[in-house]
$ cat structure-v3.pdb   # PDB, C-alpha atoms and all ligand atoms
ATOM      1  CA  MET U   1      -8.596  16.857  19.825  1.00  0.00           C
ATOM      2  CA  THR U   2      -5.510  14.751  19.010  1.00  0.00           C
ATOM      3  CA  SER U   3      -1.876  15.437  19.838  1.00  0.00           C
ATOM      4  CA  ASP U   4       1.179  14.930  17.605  1.00  0.00           C
ATOM      5  CA  SER U   5       2.194  11.793  19.517  1.00  0.00           C
ATOM      6  CA  GLU U   6      -1.209  10.213  18.723  1.00  0.00           C
ATOM      7  CA  HIS U   7      -0.435  10.773  15.039  1.00  0.00           C
ATOM      8  CA  ARG U   8       2.813   8.790  15.178  1.00  0.00           C
ATOM      9  CA  VAL U   9       2.848   6.065  12.542  1.00  0.00           C
ATOM     10  CA  TRP U  10       5.486   3.384  12.090  1.00  0.00           C
ATOM     11  CA  LEU U  11       6.020   0.135  10.203  1.00  0.00           C
ATOM     12  CA  GLU U  12       6.830  -3.323  11.481  1.00  0.00           C
ATOM     13  CA  ARG U  13       7.854  -6.388   9.518  1.00  0.00           C
ATOM     14  CA  TRP U  14       4.884  -8.621   8.651  1.00  0.00           C
ATOM     15  CA  GLN U  15       4.414 -11.221  11.419  1.00  0.00           C
ATOM     16  CA  PHE U  16       2.993 -14.711  11.770  1.00  0.00           C
ATOM     17  CA  ASP U  17       0.083 -13.352  13.850  1.00  0.00           C
ATOM     18  CA  ASP U  18      -0.937 -10.703  11.282  1.00  0.00           C
ATOM     19  CA  LEU U  19      -3.655 -12.684   9.488  1.00  0.00           C
ATOM     20  CA  PRO U  20      -6.357 -10.533  11.231  1.00  0.00           C
ATOM     21  CA  VAL U  21      -4.802  -7.423   9.668  1.00  0.00           C
ATOM     22  CA  LEU U  22      -5.652  -8.817   6.221  1.00  0.00           C
ATOM     23  CA  GLU U  23      -9.058 -10.035   7.396  1.00  0.00           C
ATOM     24  CA  ARG U  24      -9.978  -6.524   8.562  1.00  0.00           C
ATOM     25  CA  SER U  25      -9.064  -5.180   5.095  1.00  0.00           C
ATOM     26  CA  ASN U  26     -11.182  -7.791   3.311  1.00  0.00           C
ATOM     27  CA  THR U  27     -14.485  -5.877   3.387  1.00  0.00           C
ATOM     28  CA  PRO U  28     -16.617  -4.935   0.350  1.00  0.00           C
ATOM     29  CA  GLU U  29     -15.872  -1.252   1.029  1.00  0.00           C
ATOM     30  CA  MET U  30     -12.103  -1.670   1.254  1.00  0.00           C
ATOM     31  CA  THR U  31     -11.818  -3.968  -1.766  1.00  0.00           C
ATOM     32  CA  ALA U  32     -14.144  -1.987  -4.034  1.00  0.00           C
ATOM     33  CA  PHE U  33     -11.238  -1.117  -6.368  1.00  0.00           C
ATOM     34  CA  LEU U  34      -9.517  -4.480  -5.980  1.00  0.00           C
ATOM     35  CA  GLY U  35     -12.154  -6.856  -7.320  1.00  0.00           C
ATOM     36  CA  GLY U  36     -14.106  -7.399  -4.076  1.00  0.00           C
ATOM     37  CA  PRO U  37     -13.421  -9.499  -0.977  1.00  0.00           C
ATOM     38  CA  GLU U  38     -11.241 -12.577  -1.257  1.00  0.00           C
ATOM     39  CA  SER U  39     -12.188 -16.001   0.120  1.00  0.00           C
ATOM     40  CA  ASP U  40     -10.838 -17.107   3.514  1.00  0.00           C
ATOM     41  CA  LYS U  41      -8.463 -19.424   1.668  1.00  0.00           C
ATOM     42  CA  GLN U  42      -7.137 -16.605  -0.538  1.00  0.00           C
ATOM     43  CA  ILE U  43      -6.517 -14.436   2.540  1.00  0.00           C
ATOM     44  CA  VAL U  44      -4.601 -17.234   4.280  1.00  0.00           C
ATOM     45  CA  THR U  45      -2.548 -17.729   1.103  1.00  0.00           C
ATOM     46  CA  ARG U  46      -1.825 -13.993   0.848  1.00  0.00           C
ATOM     47  CA  HIS U  47      -0.700 -13.924   4.489  1.00  0.00           C
ATOM     48  CA  ALA U  48       1.625 -16.899   3.926  1.00  0.00           C
ATOM     49  CA  LYS U  49       2.996 -15.188   0.814  1.00  0.00           C
ATOM     50  CA  PHE U  50       3.771 -11.979   2.734  1.00  0.00           C
ATOM     51  CA  LEU U  51       5.797 -14.043   5.218  1.00  0.00           C
ATOM     52  CA  HIS U  52       7.503 -16.181   2.582  1.00  0.00           C
ATOM     53  CA  LEU U  53       8.500 -13.283   0.308  1.00  0.00           C
ATOM     54  CA  TRP U  54      10.461 -11.671   3.163  1.00  0.00           C
ATOM     55  CA  GLU U  55      12.509 -14.869   3.366  1.00  0.00           C
ATOM     56  CA  THR U  56      13.169 -14.983  -0.388  1.00  0.00           C
ATOM     57  CA  ASP U  57      13.952 -11.253  -0.575  1.00  0.00           C
ATOM     58  CA  GLU U  58      11.202 -10.742  -3.193  1.00  0.00           C
ATOM     59  CA  ALA U  59       9.066  -8.362  -1.146  1.00  0.00           C
ATOM     60  CA  ARG U  60       8.957  -6.312   2.014  1.00  0.00           C
ATOM     61  CA  MET U  61       5.455  -6.205   3.499  1.00  0.00           C
ATOM     62  CA  PHE U  62       4.790  -4.315   6.718  1.00  0.00           C
ATOM     63  CA  ARG U  63       1.969  -3.920   9.160  1.00  0.00           C
ATOM     64  CA  ILE U  64       1.149  -0.288   9.875  1.00  0.00           C
ATOM     65  CA  ARG U  65       1.110   0.777  13.519  1.00  0.00           C
ATOM     66  CA  SER U  66      -0.432   3.951  14.886  1.00  0.00           C
ATOM     67  CA  ALA U  67       0.082   5.387  18.352  1.00  0.00           C
ATOM     68  CA  ALA U  68      -3.696   5.920  18.446  1.00  0.00           C
ATOM     69  CA  ALA U  69      -4.538   2.186  18.156  1.00  0.00           C
ATOM     70  CA  ASP U  70      -3.570  -1.001  20.011  1.00  0.00           C
ATOM     71  CA  ASP U  71      -3.744  -3.216  16.920  1.00  0.00           C
ATOM     72  CA  PRO U  72      -2.146  -2.734  13.493  1.00  0.00           C
ATOM     73  CA  VAL U  73      -4.251  -0.412  11.318  1.00  0.00           C
ATOM     74  CA  GLY U  74      -3.327  -1.752   7.880  1.00  0.00           C
ATOM     75  CA  SER U  75      -0.556  -2.891   5.588  1.00  0.00           C
ATOM     76  CA  VAL U  76       1.922  -1.398   3.143  1.00  0.00           C
ATOM     77  CA  GLY U  77       4.931  -2.747   1.302  1.00  0.00           C
ATOM     78  CA  PHE U  78       6.800  -3.204  -1.935  1.00  0.00           C
ATOM     79  CA  TRP U  79       7.835  -6.074  -4.147  1.00  0.00           C
ATOM     80  CA  LYS U  80      10.068  -6.675  -7.140  1.00  0.00           C
ATOM     81  CA  LYS U  81       8.557  -6.151 -10.568  1.00  0.00           C
ATOM     82  CA  SER U  82       9.657  -5.889 -14.170  1.00  0.00           C
ATOM     83  CA  TRP U  83       7.928  -2.927 -15.804  1.00  0.00           C
ATOM     84  CA  ARG U  84       8.553  -1.630 -19.322  1.00  0.00           C
ATOM     85  CA  ASN U  85      11.728  -3.774 -19.475  1.00  0.00           C
ATOM     86  CA  LYS U  86      13.128  -2.339 -16.229  1.00  0.00           C
ATOM     87  CA  ASP U  87      13.649  -3.904 -12.810  1.00  0.00           C
ATOM     88  CA  VAL U  88      11.631  -1.749 -10.409  1.00  0.00           C
ATOM     89  CA  TYR U  89       9.511  -2.081  -7.266  1.00  0.00           C
ATOM     90  CA  GLU U  90       5.737  -1.964  -7.050  1.00  0.00           C
ATOM     91  CA  THR U  91       4.019  -0.756  -3.889  1.00  0.00           C
ATOM     92  CA  GLY U  92       0.549  -1.293  -2.437  1.00  0.00           C
ATOM     93  CA  TRP U  93      -1.375  -0.381   0.732  1.00  0.00           C
ATOM     94  CA  SER U  94      -4.508  -0.550   2.771  1.00  0.00           C
ATOM     95  CA  VAL U  95      -5.663   1.275   5.933  1.00  0.00           C
ATOM     96  CA  HIS U  96      -8.661  -0.043   7.875  1.00  0.00           C
ATOM     97  CA  THR U  97     -11.868   1.948   7.459  1.00  0.00           C
ATOM     98  CA  ALA U  98     -12.005   3.100  11.099  1.00  0.00           C
ATOM     99  CA  HIS U  99      -8.567   4.717  10.745  1.00  0.00           C
ATOM    100  CA  GLN U 100      -8.921   6.339   7.326  1.00  0.00           C
ATOM    101  CA  GLY U 101      -8.833  10.071   6.659  1.00  0.00           C
ATOM    102  CA  LEU U 102      -6.232  10.759   9.369  1.00  0.00           C
ATOM    103  CA  GLY U 103      -3.097  10.901   7.246  1.00  0.00           C
ATOM    104  CA  ILE U 104      -1.998   7.383   8.261  1.00  0.00           C
ATOM    105  CA  ALA U 105      -1.547   6.056   4.712  1.00  0.00           C
ATOM    106  CA  GLY U 106       0.453   9.138   3.751  1.00  0.00           C
ATOM    107  CA  ARG U 107       2.879   8.664   6.636  1.00  0.00           C
ATOM    108  CA  ALA U 108       3.092   4.905   6.145  1.00  0.00           C
ATOM    109  CA  LEU U 109       3.812   5.194   2.419  1.00  0.00           C
ATOM    110  CA  SER U 110       6.551   7.764   3.052  1.00  0.00           C
ATOM    111  CA  GLU U 111       8.159   5.390   5.589  1.00  0.00           C
ATOM    112  CA  CYS U 112       7.866   2.542   3.121  1.00  0.00           C
ATOM    113  CA  ILE U 113       9.564   4.310   0.224  1.00  0.00           C
ATOM    114  CA  GLN U 114      12.303   5.596   2.547  1.00  0.00           C
ATOM    115  CA  TYR U 115      12.882   1.971   3.584  1.00  0.00           C
ATOM    116  CA  ALA U 116      13.086   0.972  -0.101  1.00  0.00           C
ATOM    117  CA  ALA U 117      15.588   3.762  -0.779  1.00  0.00           C
ATOM    118  CA  ASP U 118      17.741   2.778   2.215  1.00  0.00           C
ATOM    119  CA  ASN U 119      17.600  -0.986   1.817  1.00  0.00           C
ATOM    120  CA  GLY U 120      16.727  -1.717  -1.807  1.00  0.00           C
ATOM    121  CA  ASP U 121      18.923  -1.700  -4.897  1.00  0.00           C
ATOM    122  CA  ARG U 122      16.349  -0.563  -7.470  1.00  0.00           C
ATOM    123  CA  ASP U 123      15.810   3.066  -8.477  1.00  0.00           C
ATOM    124  CA  GLN U 124      12.088   3.373  -9.030  1.00  0.00           C
ATOM    125  CA  VAL U 125       8.879   2.477  -7.207  1.00  0.00           C
ATOM    126  CA  PHE U 126       5.586   2.274  -9.133  1.00  0.00           C
ATOM    127  CA  ALA U 127       1.977   2.251  -7.981  1.00  0.00           C
ATOM    128  CA  PHE U 128      -1.007   1.362 -10.155  1.00  0.00           C
ATOM    129  CA  PRO U 129      -4.295   2.487  -8.565  1.00  0.00           C
ATOM    130  CA  ARG U 130      -7.419   2.289 -10.691  1.00  0.00           C
ATOM    131  CA  THR U 131      -8.049   5.674 -12.335  1.00  0.00           C
ATOM    132  CA  ASP U 132     -11.316   6.012 -10.351  1.00  0.00           C
ATOM    133  CA  ASN U 133      -9.677   5.212  -6.964  1.00  0.00           C
ATOM    134  CA  ALA U 134      -9.693   8.812  -5.670  1.00  0.00           C
ATOM    135  CA  ALA U 135      -8.105   8.060  -2.281  1.00  0.00           C
ATOM    136  CA  SER U 136      -5.193   6.038  -3.659  1.00  0.00           C
ATOM    137  CA  ASN U 137      -4.507   8.539  -6.447  1.00  0.00           C
ATOM    138  CA  ALA U 138      -4.506  11.381  -3.893  1.00  0.00           C
ATOM    139  CA  LEU U 139      -2.176   9.311  -1.722  1.00  0.00           C
ATOM    140  CA  CYS U 140       0.338   8.891  -4.574  1.00  0.00           C
ATOM    141  CA  ARG U 141       0.318  12.597  -5.262  1.00  0.00           C
ATOM    142  CA  ARG U 142       0.644  13.351  -1.551  1.00  0.00           C
ATOM    143  CA  ALA U 143       3.661  11.010  -1.200  1.00  0.00           C
ATOM    144  CA  GLY U 144       5.477  12.734  -4.069  1.00  0.00           C
ATOM    145  CA  PHE U 145       4.904  10.226  -6.873  1.00  0.00           C
ATOM    146  CA  THR U 146       4.819  11.530 -10.461  1.00  0.00           C
ATOM    147  CA  LEU U 147       1.989  10.562 -12.792  1.00  0.00           C
ATOM    148  CA  ALA U 148       3.755   8.776 -15.641  1.00  0.00           C
ATOM    149  CA  GLY U 149       0.750   7.634 -17.675  1.00  0.00           C
ATOM    150  CA  GLU U 150      -2.066   5.105 -17.734  1.00  0.00           C
ATOM    151  CA  ALA U 151      -2.169   1.379 -18.378  1.00  0.00           C
ATOM    152  CA  ASP U 152      -4.540  -1.554 -18.750  1.00  0.00           C
ATOM    153  CA  PHE U 153      -4.152  -4.372 -16.248  1.00  0.00           C
ATOM    154  CA  GLU U 154      -6.002  -7.452 -15.173  1.00  0.00           C
ATOM    155  CA  TYR U 155      -6.721  -7.534 -11.423  1.00  0.00           C
ATOM    156  CA  PRO U 156      -7.671  -9.997 -10.223  1.00  0.00           C
ATOM    157  CA  GLN U 157      -6.670 -12.150 -13.187  1.00  0.00           C
ATOM    158  CA  GLY U 158      -9.327 -12.091 -15.912  1.00  0.00           C
ATOM    159  CA  HIS U 159     -10.783  -8.814 -14.642  1.00  0.00           C
ATOM    160  CA  PRO U 160      -9.658  -5.872 -16.842  1.00  0.00           C
ATOM    161  CA  ILE U 161      -9.012  -2.554 -15.092  1.00  0.00           C
ATOM    162  CA  HIS U 162      -7.676   0.815 -16.209  1.00  0.00           C
ATOM    163  CA  VAL U 163      -5.001   2.237 -13.898  1.00  0.00           C
ATOM    164  CA  ASN U 164      -2.824   5.259 -13.415  1.00  0.00           C
ATOM    165  CA  GLU U 165       0.916   4.679 -13.497  1.00  0.00           C
ATOM    166  CA  TRP U 166       2.617   6.589 -10.664  1.00  0.00           C
ATOM    167  CA  MET U 167       6.405   6.619 -10.288  1.00  0.00           C
ATOM    168  CA  PHE U 168       8.677   7.596  -7.400  1.00  0.00           C
ATOM    169  CA  ASP U 169      12.400   8.097  -8.039  1.00  0.00           C
ATOM    170  CA  LEU U 170      14.217   6.572  -5.045  1.00  0.00           C
ATOM    171  CA  SER U 171      17.507   8.287  -5.894  1.00  0.00           C
ATOM    172  CA  ALA U 172      15.893  11.481  -4.551  1.00  0.00           C
ATOM    173  CA  LEU U 173      15.925   9.892  -1.063  1.00  0.00           C
ATOM    174  CA  ARG U 174      19.444   8.415  -1.161  1.00  0.00           C
TER
HETATM  175  C1  LIG L 201      -6.159   4.484   0.000  1.00  0.00           C
HETATM  176  C2  LIG L 201      -6.154   4.420   1.514  1.00  0.00           C
HETATM  177  C3  LIG L 201      -4.980   3.573   1.979  1.00  0.00           C
HETATM  178  C4  LIG L 201      -6.002   5.857   2.073  1.00  0.00           C
HETATM  179  O1  LIG L 201      -5.812   5.742   3.495  1.00  0.00           O
HETATM  180  P1  LIG L 201      -5.912   7.017   4.476  1.00  0.00           P
HETATM  181  O2  LIG L 201      -5.116   6.716   5.692  1.00  0.00           O
HETATM  182  O3  LIG L 201      -7.338   7.383   4.647  1.00  0.00           O
HETATM  183  O4  LIG L 201      -5.183   8.153   3.609  1.00  0.00           O
HETATM  184  P2  LIG L 201      -4.607   9.537   4.159  1.00  0.00           P
HETATM  185  O5  LIG L 201      -5.500  10.012   5.265  1.00  0.00           O
HETATM  186  O6  LIG L 201      -3.162   9.389   4.426  1.00  0.00           O
HETATM  187  O7  LIG L 201      -4.846  10.486   2.909  1.00  0.00           O
HETATM  188  C5  LIG L 201      -3.996  10.467   1.798  1.00  0.00           C
HETATM  189  C6  LIG L 201      -4.579  11.386   0.728  1.00  0.00           C
HETATM  190  O8  LIG L 201      -5.778  10.780   0.195  1.00  0.00           O
HETATM  191  C7  LIG L 201      -6.865  11.679   0.287  1.00  0.00           C
HETATM  192  N1  LIG L 201      -8.052  10.865   0.521  1.00  0.00           N
HETATM  193  C8  LIG L 201      -8.243   9.967   1.520  1.00  0.00           C
HETATM  194  N2  LIG L 201      -9.448   9.367   1.361  1.00  0.00           N
HETATM  195  C9  LIG L 201     -10.009   9.921   0.249  1.00  0.00           C
HETATM  196  C10 LIG L 201     -11.235   9.702  -0.444  1.00  0.00           C
HETATM  197  N3  LIG L 201     -12.116   8.781  -0.024  1.00  0.00           N
HETATM  198  N4  LIG L 201     -11.472  10.409  -1.570  1.00  0.00           N
HETATM  199  C11 LIG L 201     -10.571  11.316  -2.020  1.00  0.00           C
HETATM  200  N5  LIG L 201      -9.369  11.558  -1.416  1.00  0.00           N
HETATM  201  C12 LIG L 201      -9.113  10.860  -0.287  1.00  0.00           C
HETATM  202  C13 LIG L 201      -6.522  12.565   1.470  1.00  0.00           C
HETATM  203  O9  LIG L 201      -7.225  13.779   1.437  1.00  0.00           O
HETATM  204  C14 LIG L 201      -5.030  12.738   1.276  1.00  0.00           C
HETATM  205  O10 LIG L 201      -4.765  13.676   0.247  1.00  0.00           O
HETATM  206  P3  LIG L 201      -4.240  15.152   0.621  1.00  0.00           P
HETATM  207  O11 LIG L 201      -2.984  14.959   1.415  1.00  0.00           O
HETATM  208  O12 LIG L 201      -4.027  15.756  -0.732  1.00  0.00           O
HETATM  209  O13 LIG L 201      -5.338  15.770   1.411  1.00  0.00           O
HETATM  210  C15 LIG L 201      -7.486   3.835   2.048  1.00  0.00           C
HETATM  211  O14 LIG L 201      -8.551   4.579   1.517  1.00  0.00           O
HETATM  212  C16 LIG L 201      -7.679   2.367   1.702  1.00  0.00           C
HETATM  213  O15 LIG L 201      -7.153   1.492   2.381  1.00  0.00           O
HETATM  214  N6  LIG L 201      -8.457   2.068   0.651  1.00  0.00           N
HETATM  215  C17 LIG L 201      -8.780   0.680   0.321  1.00  0.00           C
HETATM  216  C18 LIG L 201      -7.616  -0.128  -0.217  1.00  0.00           C
HETATM  217  C19 LIG L 201      -7.138   0.328  -1.570  1.00  0.00           C
HETATM  218  O16 LIG L 201      -7.899   0.821  -2.399  1.00  0.00           O
HETATM  219  N7  LIG L 201      -5.825   0.129  -1.791  1.00  0.00           N
HETATM  220  C20 LIG L 201      -5.131   0.619  -2.942  1.00  0.00           C
HETATM  221  C21 LIG L 201      -5.011  -0.257  -4.073  1.00  0.00           C
HETATM  222  S1  LIG L 201      -4.053   0.531  -5.362  1.00  0.00           S
END

$ encode --input "structure-v3.pdb" --output "structure tokens"
Amino acid sequence: MTSDSEHRVWLERWQFDDLPVLERSNTPEMTAFLGGPESDKQIVTRHAKFLHLWETDEARMFRIRSAAADDPVGSVGFWKKSWRNKDVYETGWSVHTAHQGLGIAGRALSECIQYAADNGDRDQVFAFPRTDNAASNALCRRAGFTLAGEADFEYPQGHPIHVNEWMFDLSALR
């Protein structure tokens, strides 16, 4: 049995020592909808990018903390994007396998979009999970995103995927 305090979830700015958070997300299971695991070098580059993009104001990446775990349990964040000729944010997430199915991603994503509403100057956040990514599509619906359509992307580059286009209107939180 778990108590409410064990369910507390909060976000912290991405830190220099957070490389292991990305490494724990880089499993075949967790990257099944993202093109598979990245190389060690790609993970180090991604980590450096998370740190750098805070400095340049291009993105806000967070580690996810849970009262039920000593170490961070995943990542969530948002970054600037131009989409259909509009300046918007895009968001993305990952929660480590051992901590999935407990509502952590739902709480973390809600915190993240509230942060974007409070601190950002753009009006919309988009998410683009693959149409067959049941967990991420359920998460978008759960967090109050609206299904705006479908699109064809390449992710990683050169790898075509079909995604849902979910939109959250930040003005609803301001
Ligand atoms: C997507 C992910 C973050 C969900 O994390 P989580 O903490 O388990 O999610 P939550 O427990 O907060 O659940 C959120 C919703 O997803 C649903 N869900 C979770 N796992 C699911 C699954 N495997 N299949 C279907 N629905 C699922 C939950 O039931 C919940 O919906 P509900 O509120 O309508 O019941 C996690 O599965 C993950 O990290 N996946 C790998 C990375 C990834 O695919 N990232 C997204 C790229 S777009």

$ residues_near_ligand --input "structure-v3.pdb" --ligand "ligand LIG 201 (chain L)" --cutoff "10 Å" --atoms "all atoms listed in the file" --output "ChimeraX atom specification"
/U:25-34,73-76,91-110,127-143,163-164

$ write_last_selection --input "structure-v3.pdb" --atoms "C-alpha atoms" --output "compact mmCIF listing (two decimals), in the frame of the given file"
# COMPACT_ATOMS: atom_id res chain seq x y z
CA SER U 25 -9.06 -5.18 5.10
CA ASN U 26 -11.18 -7.79 3.31
CA THR U 27 -14.48 -5.88 3.39
CA PRO U 28 -16.62 -4.93 0.35
CA GLU U 29 -15.87 -1.25 1.03
CA MET U 30 -12.10 -1.67 1.25
CA THR U 31 -11.82 -3.97 -1.77
CA ALA U 32 -14.14 -1.99 -4.03
CA PHE U 33 -11.24 -1.12 -6.37
CA LEU U 34 -9.52 -4.48 -5.98
CA VAL U 73 -4.25 -0.41 11.32
CA GLY U 74 -3.33 -1.75 7.88
CA SER U 75 -0.56 -2.89 5.59
CA VAL U 76 1.92 -1.40 3.14
CA THR U 91 4.02 -0.76 -3.89
CA GLY U 92 0.55 -1.29 -2.44
CA TRP U 93 -1.38 -0.38 0.73
CA SER U 94 -4.51 -0.55 2.77
CA VAL U 95 -5.66 1.27 5.93
CA HIS U 96 -8.66 -0.04 7.88
CA THR U 97 -11.87 1.95 7.46
CA ALA U 98 -12.00 3.10 11.10
CA HIS U 99 -8.57 4.72 10.74
CA GLN U 100 -8.92 6.34 7.33
CA GLY U 101 -8.83 10.07 6.66
CA LEU U 102 -6.23 10.76 9.37
CA GLY U 103 -3.10 10.90 7.25
CA ILE U 104 -2.00 7.38 8.26
CA ALA U 105 -1.55 6.06 4.71
CA GLY U 106 0.45 9.14 3.75
CA ARG U 107 2.88 8.66 6.64
CA ALA U 108 3.09 4.90 6.14
CA LEU U 109 3.81 5.19 2.42
CA SER U 110 6.55 7.76 3.05
CA ALA U 127 1.98 2.25 -7.98
CA PHE U 128 -1.01 1.36 -10.15
CA PRO U 129 -4.30 2.49 -8.56
CA ARG U 130 -7.42 2.29 -10.69
CA THR U 131 -8.05 5.67 -12.34
CA ASP U 132 -11.32 6.01 -10.35
CA ASN U 133 -9.68 5.21 -6.96
CA ALA U 134 -9.69 8.81 -5.67
CA ALA U 135 -8.10 8.06 -2.28
CA SER U 136 -5.19 6.04 -3.66
CA ASN U 137 -4.51 8.54 -6.45
CA ALA U 138 -4.51 11.38 -3.89
CA LEU U 139 -2.18 9.31 -1.72
CA CYS U 140 0.34 8.89 -4.57
CA ARG U 141 0.32 12.60 -5.26
CA ARG U 142 0.64 13.35 -1.55
CA ALA U 143 3.66 11.01 -1.20
CA VAL U 163 -5.00 2.24 -13.90
CA ASN U 164 -2.82 5.26 -13.42

$ atom_distance --input "structure-v3.pdb" --atom1 "atom CA of U:Arg63" --atom2 "atom CA of U:Ser82"
24.6 Å

$ closest_residue --input "structure-v3.pdb" --among "U:Leu19, U:Val125, U:Ala59, U:Cys112" --to "U:Trp83" --atoms "all atoms listed in the file"
U:Val125

$ atom_distance --input "structure-v3.pdb" --atom1 "atom CA of U:Arg60" --atom2 "atom CA of U:Leu11"
10.8 Å

$ atom_distance --input "structure-v3.pdb" --atom1 "atom CA of U:Gln15" --atom2 "atom CA of U:Phe50"
8.7 Å

$ decode --input "structure-v3.pdb" --residues "stretch 81-109 of chain U" --atoms "C-alpha atoms" --output "PDB file, in the first residue's frame"
ATOM      1  CA  LYS U  81       9.657  24.734 -32.284  1.00  0.00           C
ATOM      2  CA  SER U  82       8.119  26.214 -35.399  1.00  0.00           C
ATOM      3  CA  TRP U  83       5.050  24.197 -36.371  1.00  0.00           C
ATOM      4  CA  ARG U  84       2.632  25.015 -39.187  1.00  0.00           C
ATOM      5  CA  ASN U  85       4.172  28.520 -39.400  1.00  0.00           C
ATOM      6  CA  LYS U  86       3.670  29.216 -35.683  1.00  0.00           C
ATOM      7  CA  ASP U  87       6.156  29.577 -32.836  1.00  0.00           C
ATOM      8  CA  VAL U  88       5.164  26.914 -30.304  1.00  0.00           C
ATOM      9  CA  TYR U  89       6.757  24.510 -27.821  1.00  0.00           C
ATOM     10  CA  GLU U  90       7.220  20.781 -28.248  1.00  0.00           C
ATOM     11  CA  THR U  91       7.319  18.488 -25.226  1.00  0.00           C
ATOM     12  CA  GLY U  92       8.747  15.017 -24.629  1.00  0.00           C
ATOM     13  CA  TRP U  93       9.154  12.576 -21.723  1.00  0.00           C
ATOM     14  CA  SER U  94      10.379   9.294 -20.407  1.00  0.00           C
ATOM     15  CA  VAL U  95       9.823   7.437 -17.104  1.00  0.00           C
ATOM     16  CA  HIS U  96      12.077   4.507 -16.193  1.00  0.00           C
ATOM     17  CA  THR U  97      10.504   1.071 -16.565  1.00  0.00           C
ATOM     18  CA  ALA U  98      10.597   0.269 -12.831  1.00  0.00           C
ATOM     19  CA  HIS U  99       8.508   3.374 -12.085  1.00  0.00           C
ATOM     20  CA  GLN U 100       5.946   3.166 -14.885  1.00  0.00           C
ATOM     21  CA  GLY U 101       2.220   2.660 -14.402  1.00  0.00           C
ATOM     22  CA  LEU U 102       2.087   4.730 -11.196  1.00  0.00           C
ATOM     23  CA  GLY U 103       0.862   8.029 -12.598  1.00  0.00           C
ATOM     24  CA  ILE U 104       4.340   9.611 -12.482  1.00  0.00           C
ATOM     25  CA  ALA U 105       4.399  10.739 -16.126  1.00  0.00           C
ATOM     26  CA  GLY U 106       0.933  12.253 -15.774  1.00  0.00           C
ATOM     27  CA  ARG U 107       1.971  14.340 -12.775  1.00  0.00           C
ATOM     28  CA  ALA U 108       5.315  15.291 -14.301  1.00  0.00           C
ATOM     29  CA  LEU U 109       3.765  16.411 -17.591  1.00  0.00           C
TER      30      LEU U 109
END
